Amino acid sequence: MTRVLVDNVSVEFARHREAPQIALTNTNLEIEQGEFVCLLGPSGCGKSTLLNVVGGLVEASTGLIKVDGRSVSQPGPDRGMVFQNYSLYPWHTVRQNIEFGPKLNRWPKVKVSEIANELIEIVGLKEYADQFPKVLSGGMKQRVAIARALAMEPSVLLMDEPFGALDAQTRSRMQELLLDIWSRKRTTVIFVTHDIEEAVYLADRVLVMSARPGRIIEDFRIELPRPRVADVVASEEFTRYRKHMLHLLRH
Amino acid sequence: MNSELKTAGVSQRRPRFLIKVQTYLRPRANLPASERMTISVVGVLGFFLLWLLVTEAGWIQPFFLPSPIAVASRLANMVVSGGYLEDVWASSYRVFGGFFVAAVVAVPIGILIGNFPFFRSLLEPLLSTARYLPATAFVPLMIIWLGINESQKISIVFMGTFFPLALFIASISEGVSSDLMNSAYSLGASSRQVFFKVLLPACVPAIVDALRITAGIAWTYVIVAELVGADKGMGIAILQSQRFLLTDQVIAGIVAVGILGVLTDLAFRYAHRKFFPYMY
């Protein structure tokens, strides 16, 4: 079943006294239910723009976005978003941050706390549930942000370089955690990154993008077995994918 | 470790105090908290000692500059027997009144300008021009409009604080991260919910800080407002002391305003810690 459909979408940004900048040109994309898709490319290739169009934060100049068959143009709870800078509400505790969406949408109290409990457990922040974000490390903050986005039970989770600001060890632990959550929840994920290894390690599909104009130049299906363990990065197949993508990104 | 590295480049044969001077002149040098505290105390004590020295030694006549001891005892005297607290109350009332009204109007207007392009286009040209109009120049106009009374004095405090406050708050609320609001939109929040549940709580701590900084301006303008036609108040008390050439009383009045300003500042800092514990 198609979860996300991107149909002939272009995004142009108007510029002062210059021709408009084409951030994304005539892009088509179909993402299946439960797929983990990475958008990979250098800065300026339109990967974040594509993610933000799906998220409804950027308006498409042409074309159409459909999520679960419904056309979307505004942000909504069917598309959970996770940003690189965490964007937690500093005046709310971990639990309150996670409950923010469901409470806003007036879900029944019992359901709200059930969901919060489950997510706090999944992201491993039980001891920190009543702490303010200020005391959390970067990795913990991002776990809260992921839990907060998942609380609305979105059809698709949109992640914009979520681990870009983390150190290497935290980053690889977060990748494992994300795969664990993904396999449990069976959410559809679109994940933006400029890190080839991260993309190959996480994804079912890696869409390699290129700049000027921003577009998808290759659609890789990653056939590495799941569940993926950290060792997989040393495998021959992994190296083959990586070399191929490196080559694409260099030329 | 950082400070070790920094002093490592300095020749060891130099006298200690030269090394110290070099550290003090290094931009963003690391100074331990205790040392910073000592320097502050030395600075304050030094000021009063210098004041004491030049006055007690008779280098400056008491008529021009009375000694700090004379000023302190005069201030105590004013409070105990001179009914000075009535002046203090009159001025505090005007500061609080004018500043309160300014804050009540400036906070919503500032937030509207900072986050709604419609209101920005509508209000910003007027406000940023009005900011350059000297509030003191409005004293005569306010007398014509309102007469010589409390509302005239309160409105001068209002004029002096409202414009800087509104623009200050506009820039604070504009600075709230878009991602913070976008995450709320993507959780299904309406414009109204984003405004009240994200934008407001996100900028309130910085707004309280802006109020603290602007409160100082309010104390400046209340004195100006009182210099014309007030029967009570700290400003008029200073003016009257000058008429009778009571220099110690003039300085005591100035010091009293300073003390009240510092107390206002401390109250705001205390409230900030109390209401926004998640920031500390």
# chains A, B, ... in the order shown; residues from 1 in each chain; ligands from 1
>>> closest_atom_pairs(of="chain A", to="chain B", cutoff="10 Å", atoms="only C-alpha atoms", output="CSV")
residue,atom,partner,partner_atom,distance
A:Gly55,CA,B:Ser186,CA,7.4
A:Gly56,CA,B:Ser186,CA,8.3
A:Leu57,CA,B:Asn182,CA,7.3
A:Gln74,CA,B:Ser186,CA,8.6
A:Pro75,CA,B:Ser186,CA,4.8
A:Gly76,CA,B:Ser186,CA,4.6
A:Pro77,CA,B:Leu187,CA,4.6
A:Asp78,CA,B:Ser186,CA,7.9
A:Arg79,CA,B:Ser186,CA,6.5
A:Gly80,CA,B:Ser186,CA,6.0
A:Met81,CA,B:Ser183,CA,6.4
A:Val82,CA,B:Ser183,CA,7.6
A:Phe83,CA,B:Asp179,CA,7.2
A:Gln84,CA,B:Asp179,CA,9.4
A:Asn85,CA,B:Asp179,CA,8.2
A:Tyr86,CA,B:Asp179,CA,8.6
A:Ser87,CA,B:Leu180,CA,5.0
A:Leu88,CA,B:Leu180,CA,7.0
A:Tyr89,CA,B:Leu180,CA,7.3
A:Pro90,CA,B:Tyr278,CA,6.8
A:Trp91,CA,B:Tyr278,CA,5.9
A:His92,CA,B:Tyr278,CA,8.2
A:Thr93,CA,B:Tyr278,CA,8.7
A:Phe100,CA,B:Leu187,CA,8.0
A:Gly101,CA,B:Leu187,CA,5.0
A:Pro102,CA,B:Leu187,CA,8.1
A:Leu104,CA,B:Ala189,CA,6.6
A:Asn105,CA,B:Gly188,CA,7.0
A:Gln131,CA,B:Tyr278,CA,8.8
A:Phe132,CA,B:Tyr278,CA,6.0
A:Pro133,CA,B:Tyr278,CA,8.1
A:Lys134,CA,B:Tyr278,CA,6.9
A:Val135,CA,B:Tyr278,CA,9.0
A:Ala145,CA,B:Ser183,CA,9.3
A:Arg148,CA,B:Leu187,CA,8.5
A:Ala149,CA,B:Leu187,CA,7.0
A:Leu150,CA,B:Leu187,CA,9.5
A:Ala151,CA,B:Leu187,CA,8.8
A:Met152,CA,B:Leu187,CA,6.8
A:Glu153,CA,B:Leu187,CA,10.0
A:Pro154,CA,B:Leu187,CA,9.1
>>> residues_around(residues="A:Ser113", least_positions_apart="2", cutoff="10 Å", atoms="only C-alpha atoms", output="VMD selection string")
chain A and resid 95 to 96 98 to 99 102 to 103 107 to 111 115 to 119
>>> write_last_selection(atoms="N, CA and C atoms", output="PDB file, in the first residue's frame")
ATOM      1  N   ARG A  95       7.981  13.909  30.174  1.00  0.00           N
ATOM      2  CA  ARG A  95       6.645  13.343  30.008  1.00  0.00           C
ATOM      3  C   ARG A  95       5.685  14.340  29.361  1.00  0.00           C
ATOM      4  N   GLN A  96       5.724  15.587  29.835  1.00  0.00           N
ATOM      5  CA  GLN A  96       4.818  16.600  29.285  1.00  0.00           C
ATOM      6  C   GLN A  96       5.111  16.875  27.814  1.00  0.00           C
ATOM      7  N   ILE A  98       6.211  14.661  25.680  1.00  0.00           N
ATOM      8  CA  ILE A  98       5.678  13.541  24.913  1.00  0.00           C
ATOM      9  C   ILE A  98       4.148  13.600  24.860  1.00  0.00           C
ATOM     10  N   GLU A  99       3.542  14.073  25.951  1.00  0.00           N
ATOM     11  CA  GLU A  99       2.073  14.130  25.996  1.00  0.00           C
ATOM     12  C   GLU A  99       1.505  15.344  25.273  1.00  0.00           C
ATOM     13  N   PRO A 102      -0.918  14.547  22.005  1.00  0.00           N
ATOM     14  CA  PRO A 102      -2.193  13.918  22.380  1.00  0.00           C
ATOM     15  C   PRO A 102      -3.086  14.822  23.243  1.00  0.00           C
ATOM     16  N   LYS A 103      -2.485  15.547  24.179  1.00  0.00           N
ATOM     17  CA  LYS A 103      -3.293  16.433  25.029  1.00  0.00           C
ATOM     18  C   LYS A 103      -3.923  17.545  24.196  1.00  0.00           C
ATOM     19  N   TRP A 107      -7.127  13.838  23.465  1.00  0.00           N
ATOM     20  CA  TRP A 107      -7.309  12.393  23.564  1.00  0.00           C
ATOM     21  C   TRP A 107      -7.709  12.061  24.998  1.00  0.00           C
ATOM     22  N   PRO A 108      -8.411  10.948  25.200  1.00  0.00           N
ATOM     23  CA  PRO A 108      -8.795  10.582  26.568  1.00  0.00           C
ATOM     24  C   PRO A 108      -7.568  10.436  27.465  1.00  0.00           C
ATOM     25  N   LYS A 109      -7.721  10.869  28.714  1.00  0.00           N
ATOM     26  CA  LYS A 109      -6.583  10.916  29.648  1.00  0.00           C
ATOM     27  C   LYS A 109      -5.859   9.575  29.792  1.00  0.00           C
ATOM     28  N   VAL A 110      -6.658   8.533  29.906  1.00  0.00           N
ATOM     29  CA  VAL A 110      -6.058   7.206  30.101  1.00  0.00           C
ATOM     30  C   VAL A 110      -5.165   6.858  28.916  1.00  0.00           C
ATOM     31  N   LYS A 111      -5.665   7.142  27.716  1.00  0.00           N
ATOM     32  CA  LYS A 111      -4.913   6.812  26.509  1.00  0.00           C
ATOM     33  C   LYS A 111      -3.624   7.642  26.447  1.00  0.00           C
ATOM     34  N   ILE A 115       0.077   5.930  26.335  1.00  0.00           N
ATOM     35  CA  ILE A 115       1.005   6.147  25.228  1.00  0.00           C
ATOM     36  C   ILE A 115       2.317   6.719  25.726  1.00  0.00           C
ATOM     37  N   ALA A 116       2.212   7.711  26.640  1.00  0.00           N
ATOM     38  CA  ALA A 116       3.425   8.330  27.177  1.00  0.00           C
ATOM     39  C   ALA A 116       4.266   7.290  27.902  1.00  0.00           C
ATOM     40  N   ASN A 117       3.626   6.470  28.737  1.00  0.00           N
ATOM     41  CA  ASN A 117       4.375   5.441  29.472  1.00  0.00           C
ATOM     42  C   ASN A 117       5.093   4.502  28.524  1.00  0.00           C
ATOM     43  N   GLU A 118       4.373   4.057  27.503  1.00  0.00           N
ATOM     44  CA  GLU A 118       4.955   3.114  26.560  1.00  0.00           C
ATOM     45  C   GLU A 118       6.173   3.733  25.865  1.00  0.00           C
ATOM     46  N   LEU A 119       6.014   4.996  25.414  1.00  0.00           N
ATOM     47  CA  LEU A 119       7.099   5.633  24.658  1.00  0.00           C
ATOM     48  C   LEU A 119       8.304   5.954  25.550  1.00  0.00           C
TER      49      LEU A 119
END
>>> residues_around(residues="B:Ala271", least_positions_apart="5", cutoff="12 Å", atoms="only C-alpha atoms", output="list in words")
Pro205, Val208, Asp209, Leu211, Arg212, Thr264, Asp265, Leu266, Phe276 and Pro277 of chain B
>>> residues_around(residues="stretch 217-221 of chain A", least_positions_apart="6", cutoff="7 Å", atoms="only C-alpha atoms", output="list in words")
Asp204, Arg205, Val206, Leu207, Val208, Met209 and Ser210 of chain A
>>> atom_distance(atom1="atom CA of B:Ile169", atom2="atom CA of B:Pro134")
20.0 Å
>>> residues_around(residues="stretch 69-81 of chain B", least_positions_apart="6", cutoff="8 Å", atoms="only C-alpha atoms", output="VMD selection string")
chain B and resid 52 248 to 249 251 to 253 256
>>> write_last_selection(atoms="N, CA and C atoms", output="tab-separated table (two decimals), in the first residue's frame")
chain	number	residue	atom	x	y	z
B	52	LEU	N	35.66	58.82	50.43
B	52	LEU	CA	35.92	59.16	51.83
B	52	LEU	C	37.21	59.99	51.93
B	248	ASP	N	24.33	67.20	50.58
B	248	ASP	CA	24.27	65.83	51.09
B	248	ASP	C	22.88	65.22	50.85
B	249	GLN	N	21.86	66.07	50.92
B	249	GLN	CA	20.51	65.55	50.72
B	249	GLN	C	20.27	65.23	49.23
B	251	ILE	N	22.57	64.22	47.14
B	251	ILE	CA	23.24	62.94	46.86
B	251	ILE	C	22.50	61.79	47.53
B	252	ALA	N	22.01	62.02	48.75
B	252	ALA	CA	21.24	60.97	49.42
B	252	ALA	C	20.03	60.58	48.57
B	253	GLY	N	19.38	61.58	47.96
B	253	GLY	CA	18.22	61.31	47.10
B	253	GLY	C	18.60	60.47	45.90
B	256	ALA	N	19.29	56.99	46.98
B	256	ALA	CA	18.04	56.28	47.29
B	256	ALA	C	17.39	55.73	46.02
>>> closest_residue(among="B:Pro32, B:Gly82, B:Gly43, B:Gly98", to="B:Phe158", atoms="only C-alpha atoms")
B:Gly98
>>> residues_around(residues="B:Ala218", least_positions_apart="2", cutoff="6 Å", atoms="only C-alpha atoms", output="list in words")
Val95, Val157, Ala215, Gly216, Thr220 and Tyr221 of chain B
>>> write_last_selection(atoms="C-alpha atoms", output="mmCIF file, in the first residue's frame")
data_model
loop_
_atom_site.group_PDB
_atom_site.id
_atom_site.type_symbol
_atom_site.label_atom_id
_atom_site.label_comp_id
_atom_site.auth_asym_id
_atom_site.auth_seq_id
_atom_site.Cartn_x
_atom_site.Cartn_y
_atom_site.Cartn_z
ATOM 1 C CA VAL B 95 6.975 54.028 38.449
ATOM 2 C CA VAL B 157 6.894 57.056 32.661
ATOM 3 C CA ALA B 215 12.399 49.073 34.748
ATOM 4 C CA GLY B 216 15.619 51.057 35.128
ATOM 5 C CA THR B 220 14.888 57.687 35.210
ATOM 6 C CA TYR B 221 11.683 59.132 33.802
#
>>> select_by_dssp(residues="stretch 21-219 of chain A", states="strand (DSSP E or B)", output="PDB file with C-alpha atoms, in the first residue's frame")
ATOM      1  CA  GLN A  21      16.142  29.314  -7.046  1.00  0.00           C
ATOM      2  CA  ILE A  22      15.003  25.820  -8.003  1.00  0.00           C
ATOM      3  CA  ALA A  23      15.351  23.835  -4.778  1.00  0.00           C
ATOM      4  CA  LEU A  24      13.604  20.774  -6.129  1.00  0.00           C
ATOM      5  CA  THR A  25      12.613  19.911  -9.664  1.00  0.00           C
ATOM      6  CA  ASN A  26       9.857  17.599 -10.966  1.00  0.00           C
ATOM      7  CA  THR A  27      10.247  14.953  -8.317  1.00  0.00           C
ATOM      8  CA  ASN A  28       8.242  11.733  -8.232  1.00  0.00           C
ATOM      9  CA  LEU A  29       8.337   9.305  -5.344  1.00  0.00           C
ATOM     10  CA  GLU A  30       6.250   6.488  -3.921  1.00  0.00           C
ATOM     11  CA  ILE A  31       6.871   5.204  -0.422  1.00  0.00           C
ATOM     12  CA  GLU A  32       5.251   1.987   0.804  1.00  0.00           C
ATOM     13  CA  PHE A  36      12.480   3.137   5.837  1.00  0.00           C
ATOM     14  CA  VAL A  37      13.660   5.638   3.233  1.00  0.00           C
ATOM     15  CA  CYS A  38      16.776   7.782   3.440  1.00  0.00           C
ATOM     16  CA  LEU A  39      17.262  10.945   1.427  1.00  0.00           C
ATOM     17  CA  LEU A  40      21.008  11.265   0.883  1.00  0.00           C
ATOM     18  CA  THR A  62       3.930  22.482  -8.699  1.00  0.00           C
ATOM     19  CA  GLY A  63       2.660  18.972  -8.103  1.00  0.00           C
ATOM     20  CA  LEU A  64       0.911  17.094  -5.385  1.00  0.00           C
ATOM     21  CA  ILE A  65       1.703  15.307  -2.114  1.00  0.00           C
ATOM     22  CA  LYS A  66      -0.558  12.538  -0.879  1.00  0.00           C
ATOM     23  CA  VAL A  67      -0.352  10.769   2.450  1.00  0.00           C
ATOM     24  CA  ARG A  70      -5.249  12.365   1.092  1.00  0.00           C
ATOM     25  CA  SER A  71      -3.682  15.419  -0.468  1.00  0.00           C
ATOM     26  CA  ARG A  79       3.294  13.355   9.653  1.00  0.00           C
ATOM     27  CA  GLY A  80       5.449  13.440  12.771  1.00  0.00           C
ATOM     28  CA  MET A  81       8.563  15.596  12.493  1.00  0.00           C
ATOM     29  CA  VAL A  82      11.940  15.365  14.223  1.00  0.00           C
ATOM     30  CA  VAL A 156       4.978   8.659   8.509  1.00  0.00           C
ATOM     31  CA  LEU A 157       7.877   9.910  10.601  1.00  0.00           C
ATOM     32  CA  LEU A 158       9.893  12.690   8.943  1.00  0.00           C
ATOM     33  CA  MET A 159      13.401  13.114  10.326  1.00  0.00           C
ATOM     34  CA  ASP A 160      15.705  15.941   9.258  1.00  0.00           C
ATOM     35  CA  THR A 188       7.067   4.547   7.786  1.00  0.00           C
ATOM     36  CA  VAL A 189      10.177   6.706   8.037  1.00  0.00           C
ATOM     37  CA  ILE A 190      11.703   9.331   5.757  1.00  0.00           C
ATOM     38  CA  PHE A 191      15.153  10.177   7.052  1.00  0.00           C
ATOM     39  CA  VAL A 192      17.351  12.961   5.703  1.00  0.00           C
ATOM     40  CA  THR A 193      21.113  12.599   6.043  1.00  0.00           C
ATOM     41  CA  ARG A 205      15.792   2.465   0.189  1.00  0.00           C
ATOM     42  CA  VAL A 206      18.343   5.217  -0.261  1.00  0.00           C
ATOM     43  CA  LEU A 207      17.409   8.028  -2.600  1.00  0.00           C
ATOM     44  CA  VAL A 208      20.576   9.791  -3.701  1.00  0.00           C
ATOM     45  CA  MET A 209      19.999  13.422  -4.555  1.00  0.00           C
ATOM     46  CA  SER A 210      21.988  16.017  -6.437  1.00  0.00           C
ATOM     47  CA  ARG A 215      16.551  16.143  -7.776  1.00  0.00           C
ATOM     48  CA  ILE A 216      16.684  12.403  -7.090  1.00  0.00           C
ATOM     49  CA  ILE A 217      19.389  10.804  -9.229  1.00  0.00           C
ATOM     50  CA  GLU A 218      19.277   7.218  -8.001  1.00  0.00           C
ATOM     51  CA  ASP A 219      16.961   4.969  -6.046  1.00  0.00           C
TER      52      ASP A 219
END
>>> atom_distance(atom1="atom CA of B:Gln61", atom2="atom CA of B:Gln242")
16.0 Å
